[in-house]
Amino acid sequence: MGFDIARGLAVIGMVAAHVAEPALDFDWGDAATWPDIVNGRSAILFALLAGVSIALMTGRTQRPTEEQMPAVRLRLLGRGITIFIIGLLLEQLGTSVLIILTLYGILYVVALPFVRARRRTLVFWSVGLALLGPTLLALVQVLTLEPYASGLALVLQGSYSLPVWVSLMLAGLAIGRSDLKRSITAATVLGVGLVLAAVGYGAGAAYDAREATPPWEQSTPQYPDLTDNTWEHYTEAIVASGVQERVLDALLSSNPHSGGTAELVGSGGFAMVLVALLLLTGRWLRWPLLPVTAVGAMPLTAYSAQIVAIFVLGGPGGYVEDNAVFWWLTGALLASCTLWIACFGRGPLERLAKWVGDRMAG
């Protein structure tokens, strides 16, 4: 129940990020800015829960055996391909929303080598990617003079960079491999999440304060002229790109969708705290938050439905920024998902993904 509530909140948070009027930049000390908490953090919660879901569908605390792995791999591959294709179709609608489902589908494929990994191995890879991934990615981008191609845009560039977001999926996979029925598990996740949130947001706040110095004390990086890419000017282009600032941004930026280590650590810790609290309180929140639970039980359908609604309201290439639309759309999702779950059980797109996975696994 706790995970369903968390998934429901993640979907509703992304609806707010997509259609609600922009809020002031989030500040813990200013309640007027708190609506901005959904910006970026909802997607990070979604990615963390992707790992949890993969763990739950592949044995929970029991890792699959070698004999089970062929069917497990094919089942995950089928689900991932289905989610990826749904994401592509939603992108074809031409809304201004950054569709997360293409990344979500790829995460299912990337998870294949880690399904049988021990928890400490998952934690090792998750921490390593979070700490080193953004910096190494920034260095590669600078050293290659910011190349752009469709493949690079899919896995390395943009708001959903694969090496960065895999760390969240692996953290969720490690959580899902734990005994979630024990309160000590939720308490451990809560404690770790609080520490990570404090470290990540603390580092980001310190970095932002540094950037708030007077303009005459700041160095403005000059990015390379990508049309002047001959070897004779290569070194000059690298030096002029402000490589130091790029590395610092990758390491210390906690801004939403920055992909920086501080954002991953801070917002990832925040997501862990939320998941842990819901694990501890889910049994009491089951009935009061039943509609949210219903949305979380069919997140693929609910997420896709709100993208289609944005397309209908805003048209191709359009967008919606209206708090009234957010409340109407959220209410419609809560009511329709509750009714669907009560009458039919699993959501339609969830049924499709499961059917494809089962068919591929034989």
# chains A, B, ... in the order shown; residues from 1 in each chain; ligands from 1
$ residues_around --residues "range 267-273 of chain A" --least-positions-apart "3" --cutoff "7 Å" --atoms "only C-alpha atoms" --output "list in words"
Arg41, Ile44, Leu45, Leu168, Val189, Leu190, Gly193, Leu194, Leu196, Ala197, Glu263, Leu264, Ala276 and Leu277 of chain A
$ residues_around --residues "Leu154 in chain A" --least-positions-apart "4" --cutoff "12 Å" --atoms "only C-alpha atoms" --output "JSON, numbers by chain"
{"A": [84, 88, 98, 99, 100, 101, 102, 103, 104, 105, 106, 148, 149, 150, 158, 159, 160, 161, 162, 163]}
$ residues_around --residues "range 123-126 of chain A" --least-positions-apart "3" --cutoff "10 Å" --atoms "only C-alpha atoms" --output "PyMOL selection string"
chain A and resi 114+117-120+129-131+133+164-175
$ write_last_selection --atoms "N, CA and C atoms" --output "JSON list (two decimals), in the first residue's frame"
[["chain", "number", "residue", "atom", "x", "y", "z"],
["A", 114, "PHE", "N", 21.50, -6.46, -13.32],
["A", 114, "PHE", "CA", 21.53, -6.24, -11.87],
["A", 114, "PHE", "C", 20.45, -7.01, -11.11],
["A", 117, "ALA", "N", 21.92, -9.25, -8.58],
["A", 117, "ALA", "CA", 22.97, -8.65, -7.77],
["A", 117, "ALA", "C", 22.55, -8.58, -6.30],
["A", 118, "ARG", "N", 23.55, -8.68, -5.42],
["A", 118, "ARG", "CA", 23.30, -8.51, -3.99],
["A", 118, "ARG", "C", 23.03, -7.05, -3.68],
["A", 119, "ARG", "N", 22.42, -6.82, -2.51],
["A", 119, "ARG", "CA", 22.07, -5.44, -2.16],
["A", 119, "ARG", "C", 23.30, -4.55, -2.07],
["A", 120, "ARG", "N", 24.39, -5.07, -1.49],
["A", 120, "ARG", "CA", 25.58, -4.23, -1.35],
["A", 120, "ARG", "C", 26.17, -3.87, -2.72],
["A", 129, "LEU", "N", 27.55, 5.77, -9.39],
["A", 129, "LEU", "CA", 26.97, 6.53, -10.49],
["A", 129, "LEU", "C", 26.50, 7.91, -10.05],
["A", 130, "ALA", "N", 25.94, 8.00, -8.84],
["A", 130, "ALA", "CA", 25.47, 9.29, -8.34],
["A", 130, "ALA", "C", 26.62, 10.26, -8.11],
["A", 131, "LEU", "N", 27.72, 9.75, -7.57],
["A", 131, "LEU", "CA", 28.86, 10.61, -7.25],
["A", 131, "LEU", "C", 29.70, 10.96, -8.46],
["A", 133, "GLY", "N", 28.94, 9.89, -11.96],
["A", 133, "GLY", "CA", 28.27, 9.97, -13.24],
["A", 133, "GLY", "C", 28.11, 11.38, -13.80],
["A", 164, "VAL", "N", 22.92, 8.90, -15.16],
["A", 164, "VAL", "CA", 22.57, 9.56, -13.90],
["A", 164, "VAL", "C", 21.35, 8.91, -13.26],
["A", 165, "TRP", "N", 20.32, 8.66, -14.05],
["A", 165, "TRP", "CA", 19.06, 8.16, -13.50],
["A", 165, "TRP", "C", 19.10, 6.68, -13.16],
["A", 166, "VAL", "N", 20.05, 5.95, -13.75],
["A", 166, "VAL", "CA", 20.20, 4.53, -13.38],
["A", 166, "VAL", "C", 20.53, 4.40, -11.90],
["A", 167, "SER", "N", 21.26, 5.38, -11.36],
["A", 167, "SER", "CA", 21.61, 5.31, -9.93],
["A", 167, "SER", "C", 20.36, 5.28, -9.06],
["A", 168, "LEU", "N", 19.32, 6.02, -9.45],
["A", 168, "LEU", "CA", 18.07, 6.02, -8.69],
["A", 168, "LEU", "C", 17.35, 4.69, -8.81],
["A", 169, "MET", "N", 17.34, 4.12, -10.01],
["A", 169, "MET", "CA", 16.71, 2.83, -10.21],
["A", 169, "MET", "C", 17.40, 1.76, -9.37],
["A", 170, "LEU", "N", 18.74, 1.77, -9.33],
["A", 170, "LEU", "CA", 19.47, 0.77, -8.56],
["A", 170, "LEU", "C", 19.23, 0.95, -7.06],
["A", 171, "ALA", "N", 19.09, 2.20, -6.61],
["A", 171, "ALA", "CA", 18.77, 2.44, -5.20],
["A", 171, "ALA", "C", 17.40, 1.86, -4.87],
["A", 172, "GLY", "N", 16.44, 2.06, -5.77],
["A", 172, "GLY", "CA", 15.11, 1.49, -5.57],
["A", 172, "GLY", "C", 15.14, -0.03, -5.60],
["A", 173, "LEU", "N", 15.96, -0.61, -6.47],
["A", 173, "LEU", "CA", 16.09, -2.07, -6.55],
["A", 173, "LEU", "C", 16.65, -2.62, -5.24],
["A", 174, "ALA", "N", 17.61, -1.90, -4.65],
["A", 174, "ALA", "CA", 18.17, -2.33, -3.36],
["A", 174, "ALA", "C", 17.11, -2.26, -2.26],
["A", 175, "ILE", "N", 16.29, -1.20, -2.28],
["A", 175, "ILE", "CA", 15.22, -1.10, -1.29],
["A", 175, "ILE", "C", 14.22, -2.23, -1.48]]
$ atom_distance --atom1 "CA of Thr188 in chain A" --atom2 "CA of Pro64 in chain A"
24.6 Å
$ residues_around --residues "Leu137 in chain A" --least-positions-apart "5" --cutoff "10 Å" --atoms "only C-alpha atoms" --output "ChimeraX atom specification"
/A:132,142-143,156-157,161,163-164,247,250
$ write_last_selection --atoms "N, CA and C atoms" --output "PDB file, in the first residue's frame"
ATOM      1  N   LEU A 132      29.924   9.993  -9.350  1.00  0.00           N
ATOM      2  CA  LEU A 132      30.854  10.185 -10.462  1.00  0.00           C
ATOM      3  C   LEU A 132      30.162  10.428 -11.800  1.00  0.00           C
ATOM      4  N   VAL A 142      32.315  18.233 -22.584  1.00  0.00           N
ATOM      5  CA  VAL A 142      33.233  19.332 -22.865  1.00  0.00           C
ATOM      6  C   VAL A 142      34.354  18.873 -23.789  1.00  0.00           C
ATOM      7  N   LEU A 143      34.939  17.715 -23.507  1.00  0.00           N
ATOM      8  CA  LEU A 143      36.071  17.227 -24.295  1.00  0.00           C
ATOM      9  C   LEU A 143      35.684  16.869 -25.724  1.00  0.00           C
ATOM     10  N   LEU A 156      22.233  10.270 -23.090  1.00  0.00           N
ATOM     11  CA  LEU A 156      23.213  11.054 -22.353  1.00  0.00           C
ATOM     12  C   LEU A 156      22.802  12.487 -22.088  1.00  0.00           C
ATOM     13  N   GLN A 157      22.080  13.097 -23.014  1.00  0.00           N
ATOM     14  CA  GLN A 157      21.785  14.520 -22.902  1.00  0.00           C
ATOM     15  C   GLN A 157      20.349  14.742 -22.456  1.00  0.00           C
ATOM     16  N   SER A 161      19.134  11.970 -18.254  1.00  0.00           N
ATOM     17  CA  SER A 161      20.377  11.341 -18.676  1.00  0.00           C
ATOM     18  C   SER A 161      20.477   9.948 -18.057  1.00  0.00           C
ATOM     19  N   PRO A 163      22.911   7.519 -17.551  1.00  0.00           N
ATOM     20  CA  PRO A 163      23.871   7.134 -16.509  1.00  0.00           C
ATOM     21  C   PRO A 163      23.546   7.737 -15.144  1.00  0.00           C
ATOM     22  N   VAL A 164      22.919   8.899 -15.156  1.00  0.00           N
ATOM     23  CA  VAL A 164      22.574   9.561 -13.896  1.00  0.00           C
ATOM     24  C   VAL A 164      21.354   8.905 -13.259  1.00  0.00           C
ATOM     25  N   VAL A 247      32.107  21.363 -14.413  1.00  0.00           N
ATOM     26  CA  VAL A 247      32.327  20.278 -13.445  1.00  0.00           C
ATOM     27  C   VAL A 247      31.687  20.616 -12.106  1.00  0.00           C
ATOM     28  N   ALA A 250      27.992  20.122 -12.365  1.00  0.00           N
ATOM     29  CA  ALA A 250      27.656  18.702 -12.372  1.00  0.00           C
ATOM     30  C   ALA A 250      27.758  18.090 -10.984  1.00  0.00           C
TER      31      ALA A 250
END
$ closest_residue --among "A:Leu107, A:Val308, A:Leu352, A:Val275" --to "Ile5 in chain A" --atoms "only C-alpha atoms"
A:Val275
$ residues_around --residues "Thr338 in chain A" --least-positions-apart "2" --cutoff "6 Å" --atoms "only C-alpha atoms" --output "ChimeraX atom specification"
/A:291,294,335-336,340-341
$ decode --residues "range 36-71 of chain A" --atoms "N, CA and C atoms" --output "CSV table (one decimal), in the first residue's frame"
chain,number,residue,atom,x,y,z
A,36,ASP,N,6.5,24.3,-5.5
A,36,ASP,CA,7.6,24.0,-6.5
A,36,ASP,C,8.3,22.7,-6.1
A,37,ILE,N,7.9,22.1,-5.0
A,37,ILE,CA,8.5,20.8,-4.5
A,37,ILE,C,8.3,19.7,-5.6
A,38,VAL,N,7.3,19.8,-6.4
A,38,VAL,CA,7.0,18.8,-7.3
A,38,VAL,C,7.9,18.8,-8.5
A,39,ASN,N,8.6,20.0,-8.7
A,39,ASN,CA,9.4,20.2,-9.9
A,39,ASN,C,10.7,19.3,-9.8
A,40,GLY,N,10.8,18.3,-10.6
A,40,GLY,CA,12.0,17.5,-10.6
A,40,GLY,C,11.9,16.3,-9.6
A,41,ARG,N,11.4,16.6,-8.4
A,41,ARG,CA,11.4,15.6,-7.4
A,41,ARG,C,10.4,14.5,-7.7
A,42,SER,N,9.3,14.8,-8.4
A,42,SER,CA,8.3,13.8,-8.7
A,42,SER,C,8.9,12.8,-9.7
A,43,ALA,N,9.7,13.3,-10.7
A,43,ALA,CA,10.3,12.4,-11.6
A,43,ALA,C,11.4,11.5,-10.9
A,44,ILE,N,12.1,12.1,-10.0
A,44,ILE,CA,13.1,11.3,-9.2
A,44,ILE,C,12.4,10.2,-8.4
A,45,LEU,N,11.3,10.6,-7.8
A,45,LEU,CA,10.5,9.6,-7.0
A,45,LEU,C,10.1,8.4,-8.0
A,46,PHE,N,9.6,8.8,-9.2
A,46,PHE,CA,9.2,7.9,-10.2
A,46,PHE,C,10.3,6.9,-10.5
A,47,ALA,N,11.5,7.4,-10.7
A,47,ALA,CA,12.7,6.6,-11.1
A,47,ALA,C,13.1,5.6,-10.0
A,48,LEU,N,13.0,6.2,-8.7
A,48,LEU,CA,13.3,5.3,-7.6
A,48,LEU,C,12.3,4.2,-7.5
A,49,LEU,N,11.1,4.5,-7.7
A,49,LEU,CA,10.0,3.5,-7.6
A,49,LEU,C,10.1,2.5,-8.7
A,50,ALA,N,10.7,2.9,-9.8
A,50,ALA,CA,10.9,1.9,-10.9
A,50,ALA,C,11.8,0.7,-10.5
A,51,GLY,N,12.8,1.1,-9.7
A,51,GLY,CA,13.7,0.0,-9.2
A,51,GLY,C,12.9,-0.9,-8.2
A,52,VAL,N,12.1,-0.2,-7.3
A,52,VAL,CA,11.3,-1.0,-6.3
A,52,VAL,C,10.4,-2.0,-7.1
A,53,SER,N,9.7,-1.5,-8.1
A,53,SER,CA,8.8,-2.3,-8.9
A,53,SER,C,9.5,-3.5,-9.5
A,54,ILE,N,10.7,-3.2,-10.1
A,54,ILE,CA,11.5,-4.3,-10.7
A,54,ILE,C,11.8,-5.4,-9.6
A,55,ALA,N,12.2,-5.0,-8.4
A,55,ALA,CA,12.5,-5.9,-7.4
A,55,ALA,C,11.2,-6.7,-7.0
A,56,LEU,N,10.1,-6.1,-6.9
A,56,LEU,CA,8.9,-6.7,-6.5
A,56,LEU,C,8.4,-7.8,-7.5
A,57,MET,N,8.6,-7.5,-8.8
A,57,MET,CA,8.2,-8.4,-9.8
A,57,MET,C,9.2,-9.5,-10.1
A,58,THR,N,10.4,-9.4,-9.5
A,58,THR,CA,11.4,-10.4,-9.8
A,58,THR,C,11.8,-11.2,-8.5
A,59,GLY,N,10.9,-11.3,-7.5
A,59,GLY,CA,11.2,-12.2,-6.4
A,59,GLY,C,11.3,-11.5,-5.1
A,60,ARG,N,11.0,-10.2,-5.0
A,60,ARG,CA,11.1,-9.4,-3.8
A,60,ARG,C,12.5,-9.6,-3.1
A,61,THR,N,12.5,-10.2,-1.9
A,61,THR,CA,13.7,-10.4,-1.2
A,61,THR,C,14.5,-11.6,-1.7
A,62,GLN,N,13.9,-12.5,-2.5
A,62,GLN,CA,14.6,-13.6,-3.1
A,62,GLN,C,15.0,-13.3,-4.5
A,63,ARG,N,16.3,-13.3,-4.7
A,63,ARG,CA,16.8,-13.1,-6.1
A,63,ARG,C,16.5,-14.3,-7.0
A,64,PRO,N,16.2,-14.1,-8.2
A,64,PRO,CA,15.8,-15.2,-9.1
A,64,PRO,C,17.0,-16.1,-9.2
A,65,THR,N,16.7,-17.4,-9.4
A,65,THR,CA,17.8,-18.4,-9.7
A,65,THR,C,18.3,-18.3,-11.1
A,66,GLU,N,19.4,-19.0,-11.4
A,66,GLU,CA,19.9,-19.0,-12.7
A,66,GLU,C,18.9,-19.6,-13.7
A,67,GLU,N,18.2,-20.6,-13.2
A,67,GLU,CA,17.2,-21.3,-14.1
A,67,GLU,C,16.0,-20.3,-14.4
A,68,GLN,N,15.7,-19.4,-13.5
A,68,GLN,CA,14.6,-18.5,-13.7
A,68,GLN,C,15.0,-17.3,-14.5
A,69,MET,N,16.3,-17.0,-14.6
A,69,MET,CA,16.7,-15.8,-15.3
A,69,MET,C,16.3,-15.6,-16.7
A,70,PRO,N,16.3,-16.6,-17.6
A,70,PRO,CA,15.9,-16.4,-19.0
A,70,PRO,C,14.5,-15.8,-19.1
A,71,ALA,N,13.5,-16.4,-18.3
A,71,ALA,CA,12.2,-15.9,-18.3
A,71,ALA,C,12.1,-14.6,-17.7
